[in-house]
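Asker: One structure is given below, represented as structure tokens, and several questions about it will come after.
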Amino acid sequence: RFGAYIKYGSINAKLPAQYRDIPEECTLDEAIEAIKEKGLSKKNSKRSKPSKPAKSSKQTETKVKRGKNAFMFFSQEKRPELVAKGLSFGEVAKELSAMWKDLAEDQKAPFEEMAKLDKLRKQEESESSESSSSSSSKSSKVETKGQNTRKGSQKVAKRPKSAYLYFCAARRQGLVDEGLSFGETAKRLSEMWKVVSEEERKEFDELASKDKDRYRMEIGG
């Protein structure tokens, strides 16, 4: 008996109409023929499917990874220890929060440095992404003038960088080339900044001051 359908692999062929009420009378040859016809129609339907439209440049753009705050870096380091103790997801979250609250300021400092460094990474990646996006849109402009004007008016001014972030941008790569990890790099940069000379610090203060002026102009202040 074949029932209402004849199944073969991934193909479900309908039983020939004359055998709907008496499926047991359907011969093997007729069943095979019905399966062949169904398989052929399935192939044709696949060929006739419209191809998916190509992704626009906006869809293919790489999203900039969000920056982490100091607590996130702390959690990332301590979570495996708590999980190893057999705590549940909720218990781990609760314990991490309590541990962070009890942490002394000097113990929080390394994680805060990591957060600052990650903030710099995000700013640099955002600038790079926006730059490539701008080049791409210029080469393939399809929007109307009115649409472009609306989009331009929605642009948000980038927040200015501090002198410390400019210092990190200038010195970070040298430490990375030495093979230091992200956390070690953040810690070393913090130590270097504390002992930097007044003359050298002045250079980064000037960069930060110019960036503040740029920000005020962009927000219309």
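Chains: A, B, ... in order of the structure tokens. Residues: from 1 per chain. Ligands: from 1, in order shown.
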Name the residues in contact with A:Phe167 at a cut-off of 9 Å, using only C-alpha atoms, excluding same-chain residues fewer than 5 positions from it; report them as a list of chain:residue names.
Answerer: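 Contacts, with the query itself left out: A:Ser162, A:Arg172, A:Leu189, A:Trp193, A:Arg201, A:Phe204.
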Asker: Just the selected residues (N, CA and C atoms), exported as a PDB file, in the first residue's frame, please.
Answerer:
```
ATOM      1  N   SER A 162      40.628  61.905  24.361  1.00  0.00           N
ATOM      2  CA  SER A 162      41.429  62.537  25.411  1.00  0.00           C
ATOM      3  C   SER A 162      42.907  62.447  25.036  1.00  0.00           C
ATOM      4  N   ARG A 172      50.672  52.125  21.277  1.00  0.00           N
ATOM      5  CA  ARG A 172      50.126  50.776  21.396  1.00  0.00           C
ATOM      6  C   ARG A 172      50.792  49.758  20.469  1.00  0.00           C
ATOM      7  N   LEU A 189      50.651  50.697  29.038  1.00  0.00           N
ATOM      8  CA  LEU A 189      50.351  52.051  28.575  1.00  0.00           C
ATOM      9  C   LEU A 189      50.015  52.972  29.741  1.00  0.00           C
ATOM     10  N   TRP A 193      52.137  56.288  30.735  1.00  0.00           N
ATOM     11  CA  TRP A 193      51.488  57.603  30.769  1.00  0.00           C
ATOM     12  C   TRP A 193      51.773  58.331  32.071  1.00  0.00           C
ATOM     13  N   ARG A 201      53.889  65.078  27.014  1.00  0.00           N
ATOM     14  CA  ARG A 201      52.444  65.118  27.299  1.00  0.00           C
ATOM     15  C   ARG A 201      51.783  66.302  26.591  1.00  0.00           C
ATOM     16  N   PHE A 204      50.302  65.568  23.182  1.00  0.00           N
ATOM     17  CA  PHE A 204      49.011  64.869  23.184  1.00  0.00           C
ATOM     18  C   PHE A 204      47.885  65.757  23.720  1.00  0.00           C
TER      19      PHE A 204
END
```
Asker: Tell me which of A:Tyr215, A:Lys119, A:Lys78, A:Leu175 sits closest to A:Met99, counting only C-alpha atoms.
Answerer: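 Ranked by minimum distance to A:Met99, first place goes to A:Lys78.
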Asker: Applying 12 Å and only C-alpha atoms, which residues near A:Pro110 remain after dropping the ones on its own chain fewer than 4 positions away? List them as a count of residues only.
Answerer: 24
Asker: Using Å and a single decimal, report how far atom CA of A:Glu206 sits from atom CA of A:Ala169.
Answerer: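 We find that atom CA of A:Ala169 and atom CA of A:Glu206 lie 14.7 Å from each other.
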Asker: Neighbours of A:Ser209 within 12 Å (only C-alpha atoms; same-chain residues fewer than 4 positions away dropped), as a PDB file with C-alpha atoms, in the first residue's frame?
Answerer:
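Listing of around-v9.pdb after writing:
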```
ATOM      1  CA  PRO A 160      36.633  63.930  21.087  1.00  0.00           C
ATOM      2  CA  LYS A 161      39.547  61.781  22.209  1.00  0.00           C
ATOM      3  CA  SER A 162      41.429  62.537  25.411  1.00  0.00           C
ATOM      4  CA  ALA A 163      45.190  63.157  25.524  1.00  0.00           C
ATOM      5  CA  TYR A 164      45.608  59.696  27.016  1.00  0.00           C
ATOM      6  CA  TYR A 166      46.031  59.866  21.618  1.00  0.00           C
ATOM      7  CA  LYS A 202      52.005  68.603  25.844  1.00  0.00           C
ATOM      8  CA  GLU A 203      51.981  67.098  22.325  1.00  0.00           C
ATOM      9  CA  PHE A 204      49.011  64.869  23.184  1.00  0.00           C
ATOM     10  CA  ASP A 205      47.245  67.640  25.104  1.00  0.00           C
ATOM     11  CA  ASP A 213      37.425  72.259  19.017  1.00  0.00           C
ATOM     12  CA  ARG A 214      36.467  70.015  16.110  1.00  0.00           C
ATOM     13  CA  TYR A 215      33.727  68.436  18.176  1.00  0.00           C
ATOM     14  CA  ARG A 216      32.309  71.810  19.282  1.00  0.00           C
TER      15      ARG A 216
END
```
Asker: Return the single residue from A:Val196, A:Ile219, A:Ala170, A:Ala208 that is closest to A:Ala157, with distances computed using only C-alpha atoms.
Answerer: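 The closest residue to A:Ala157 is A:Ile219.
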